[in-house]
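Peer 1: If you scroll down you'll find the structure; I have some questions about it.
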Number of protein chains: 2
Amino acid sequence: MPAGSVAEATRPARLRPAPFAGLPRRVRIVEVGPRDGLQNESTPLAVGDKVAFIVRLAAAGLAAIEVGAFVRPDRVPQMADTDEVVRRLGALPGVALSALVPNRAGMARATACGLRDVAVFTAASETFTRRNINMSIDASLSAARDVVDLAAANGARVRGYVSTAWWCPYEGRVGPDAVRRVAGRLLEMGCREVSLGDTIGAATPHEVWALLDRLVRDVQVGSLAVHFHDTRGTALANVLTALWSGITTVDAAAGGLGGCPYAPGASGNLATEDLVYMLDGMDIETGVDLTRLCEASRPLAALLGHALPSRYLAAGRPPAP
Amino acid sequence: MPAGSVAEATRPARLRPAPFAGLPRRVRIVEVGPRDGLQNESTPLAVGDKVAFIVRLAAAGLAAIEVGAFVRPDRVPQMADTDEVVRRLGALPGVALSALVPNRAGMARATACGLRDVAVFTAASETFTRRNINMSIDASLSAARDVVDLAAANGARVRGYVSTAWWCPYEGRVGPDAVRRVAGRLLEMGCREVSLGDTIGAATPHEVWALLDRLVRDVQVGSLAVHFHDTRGTALANVLTALWSGITTVDAAAGGLGGCPYAPGASGNLATEDLVYMLDGMDIETGVDLTRLCEASRPLAALLGHALPSRYLAAGRPPAP
């Protein structure tokens, strides 16, 4: 009788629970395409095109959208029109619009255009922080505290980003303790949530588990979010691992914006379409309508002059006769 | 004190084992790029280029390589030179070369060029089987049995493929019981292993778990392999789920060959590079050297006239200072 015969086979001896029993029923997606996606594009999008994109994202059901950054226009020209974008958007019912704010000056702009949600940023790698924003980690945390204090005075909510939470482009692997230290300081100063970024898209499930397992010993898991790039194809496997760790907030960018998909070193964000497709298939609610989401992303290929890296966006819904 | 404060936070109440404790230490990769990858390319590869590709794959450590198909040359011209490819390859020490064999005529060709490993194929969806090979499932199983019987007489080993194990392009979702029936018959007739194919790349982790959980009640998990396409970005999350189910054999195609990556409906195989990268990061042995694997795949972009969909191949190794 052959080795794989049905007759002689038995269920393998193991006592593993179904891996999905403990997963959340609902995942909150923070859409970062208009900011983390578009900030790296060589072709800047017109204000009207950004507004249309964001309005369509909201119509698709995305309830938290990062729409821009109040950074120096000479450094990041793609984000120079964030004030105008926010003003033209006005209030979108049920949608929390946010923007990246590096310092007091940025916070003044955010307040002037009425934003109630802002985000500060630092990193777990000293070299990255110095090269990326020309500051030490401590100096960036000090700038973040200024923003948090101003936000508290205005009743605005602050999210903190920790870049290079797993890998640094200069230092290689980053240890969980370094991330723990920075994330803890952001939460202690008053950030509502900390988003852990795999900036160069190099993390694998083991590393994701190792970091989250370390963090949830000290930090409420509900105050953490994950932010993966799909540079090496591992983003959704990492999301699955993060959900298993108790995470319920996941960042993603419509279309997989945020990298040049066909060039060596390509580094797009996890595509919101791919994320929603997987979560839909797992009966995990997101509130996002995948068809409408694709309608939001699809026009960007022509506007930006290149195909978008989202695999679902290219392939579409599987057949359902 | 803010909600996420370190001081007040506690470890969430849960009793989940680390999701990696039960995963295999070693995964066997069946490289299907030269067959399942190249059979869909509009530009046929020259025999010499195929041989060089396969030799490099073997040199990278891939110990099971499907090198072609003994199918009708008028139907699949890309595979017409399989006999010649196998003859020129000769014996590669420690490497099991195999080819797809649809019937007695194909088996005669496989035997004539000395192949010791062959593969038969059917599907779990009746409509797909009829449209793809113009046979009923039962007729295809009968043809498979002819091959298995000839192989047994020659001491050759047979693998069985079950296409549309999760989704059918005509029927939509495919139920686990239909797969169970076909996989069981392949094993009972003498196939050493059955590879379950997500032909249109639509499966999500829940569906992967549901099918494998059903199958391992009746079939030894060691006789099953999984074969994912990364059409909607879920392939590695599905692999992670399959490993969790006890699977230790995973099919993949170097470069992610097997689809047109930038066109709507793109449907490449899971890229071997992306798979090995993830497993390396999880300390799961594959025996494959990722750098040498990329050396095998990289020349194909120019030969085929398009970029390859593997994300790792485009991005490369993350920095390790």
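Ligands are numbered from 1 in the order shown, residues from 1 within each chain, and chains are lettered A, B, ... in the order they appear in the structure tokens.
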List the spatial neighbours of A:Gly68 as a PDB file with C-alpha atoms, in the first residue's frame - criterion: any atom at most 9 Å away, only C-alpha atoms, same-chain residues fewer than 4 positions off excluded.

Peer 2:
```
ATOM      1  CA  VAL A  32      -1.313  56.050   4.226  1.00  0.00           C
ATOM      2  CA  PRO A  34      -1.824  59.890   0.001  1.00  0.00           C
ATOM      3  CA  ARG A  35       1.142  60.547   2.327  1.00  0.00           C
ATOM      4  CA  ASP A  36       3.599  57.658   2.540  1.00  0.00           C
ATOM      5  CA  LEU A  38       2.742  59.890  -2.851  1.00  0.00           C
ATOM      6  CA  GLN A  39       5.703  61.433  -1.004  1.00  0.00           C
ATOM      7  CA  GLN A  78       5.197  66.353  -3.113  1.00  0.00           C
ATOM      8  CA  MET A  79       3.633  67.317   0.232  1.00  0.00           C
ATOM      9  CA  ALA A  80       3.865  71.119  -0.177  1.00  0.00           C
ATOM     10  CA  ASP A  81       0.126  71.444  -0.844  1.00  0.00           C
ATOM     11  CA  THR A  82      -1.063  69.568   2.244  1.00  0.00           C
ATOM     12  CA  ASP A  83      -2.727  72.682   3.749  1.00  0.00           C
ATOM     13  CA  VAL A  85      -5.608  69.498   0.294  1.00  0.00           C
ATOM     14  CA  VAL A  86      -6.985  69.513   3.842  1.00  0.00           C
ATOM     15  CA  SER A  98      -4.460  63.092   9.598  1.00  0.00           C
ATOM     16  CA  ALA A  99      -1.105  64.470   8.544  1.00  0.00           C
ATOM     17  CA  LEU A 100       2.515  64.039   9.497  1.00  0.00           C
TER      18      LEU A 100
END
```

Peer 1: Just asking: which residues within stretch 47-259 of chain A are helix (DSSP H, G or I) according to DSSP, as a PyMOL selection string?

Peer 2: chain A and resi 47-59+77-79+82-89+104-112+126-133+137-154+176-189+205-215+221-223+235-244+254-256

Peer 1: Of the residues A:Pro73, A:Pro176, A:Pro169, A:Gly255, which is the one nearest to A:Thr127, using only C-alpha atoms?

Peer 2: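 Looking only at the distances to A:Thr127, the closest residue turns out to be A:Pro169.
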
Peer 1: May I ask which of the residues A:Val148, A:Val71, A:Met278, A:Leu293 is the closest one to chain B, counting only C-alpha atoms?

Peer 2: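 The answer is A:Met278, which sits nearest to chain B.
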
Peer 1: Pick out the residues sitting within 9 Å of B:Arg180, and hand them over as a list of chain:residue names; count only C-alpha atoms, and ignore anything fewer than 5 positions along from it in its own chain.

Peer 2: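 My reading of the contact set: B:Ala124, B:Gly175, B:Arg185, B:Leu211, B:Arg214, B:Leu215, B:Asp218, B:Val219.
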
Peer 1: Give me a file of those residues, with N, CA and C atoms, as a PDB file, in the first residue's frame.

Peer 2:
```
ATOM      1  N   ALA B 124      -9.873  19.596  -9.283  1.00  0.00           N
ATOM      2  CA  ALA B 124     -11.020  19.339  -8.419  1.00  0.00           C
ATOM      3  C   ALA B 124     -12.310  19.889  -9.014  1.00  0.00           C
ATOM      4  N   GLY B 175     -15.102  23.273  -3.093  1.00  0.00           N
ATOM      5  CA  GLY B 175     -15.230  22.770  -1.724  1.00  0.00           C
ATOM      6  C   GLY B 175     -14.178  21.729  -1.370  1.00  0.00           C
ATOM      7  N   ARG B 185      -8.016   9.656  -4.545  1.00  0.00           N
ATOM      8  CA  ARG B 185      -7.878   8.697  -5.645  1.00  0.00           C
ATOM      9  C   ARG B 185      -6.466   8.694  -6.208  1.00  0.00           C
ATOM     10  N   LEU B 211      -9.169  23.646   3.905  1.00  0.00           N
ATOM     11  CA  LEU B 211      -8.925  22.472   3.064  1.00  0.00           C
ATOM     12  C   LEU B 211      -7.940  21.507   3.734  1.00  0.00           C
ATOM     13  N   ARG B 214      -9.288  19.615   6.563  1.00  0.00           N
ATOM     14  CA  ARG B 214     -10.147  18.520   6.081  1.00  0.00           C
ATOM     15  C   ARG B 214      -9.304  17.331   5.613  1.00  0.00           C
ATOM     16  N   LEU B 215      -8.275  17.611   4.830  1.00  0.00           N
ATOM     17  CA  LEU B 215      -7.499  16.530   4.218  1.00  0.00           C
ATOM     18  C   LEU B 215      -6.706  15.723   5.236  1.00  0.00           C
ATOM     19  N   ASP B 218      -7.741  12.431   6.808  1.00  0.00           N
ATOM     20  CA  ASP B 218      -7.773  11.170   6.073  1.00  0.00           C
ATOM     21  C   ASP B 218      -6.452  10.817   5.412  1.00  0.00           C
ATOM     22  N   VAL B 219      -5.614  11.805   5.188  1.00  0.00           N
ATOM     23  CA  VAL B 219      -4.429  11.614   4.361  1.00  0.00           C
ATOM     24  C   VAL B 219      -3.209  12.017   5.168  1.00  0.00           C
TER      25      VAL B 219
END
```

Peer 1: Under the rule that only C-alpha atoms are counted, which of A:Gly172, A:Pro309, A:Gly48, A:Gly155 is the nearest residue to chain B?

Peer 2: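 Among the listed residues, the smallest separation from chain B belongs to A:Gly172.
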
Peer 1: Quick one: distance from atom CA of B:Arg292 to atom CA of A:Cys168 in Å, one decimal?

Peer 2: 24.3 Å

Peer 1: Go through B:Ala210, B:Val51, B:Ala253, B:Leu187 one by one, measure the shortest atom-to-atom distance of each to chain A using only C-alpha atoms, and give the residue with the smallest value.

Peer 2: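 Nearest to chain A: B:Leu187.
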
Peer 1: Between B:Leu257, B:Leu45, B:Arg72, B:Gly94, which is the closest to B:Ile133 once you count only C-alpha atoms?

Peer 2: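 Of the candidates, the smallest distance to B:Ile133 is held by B:Arg72.
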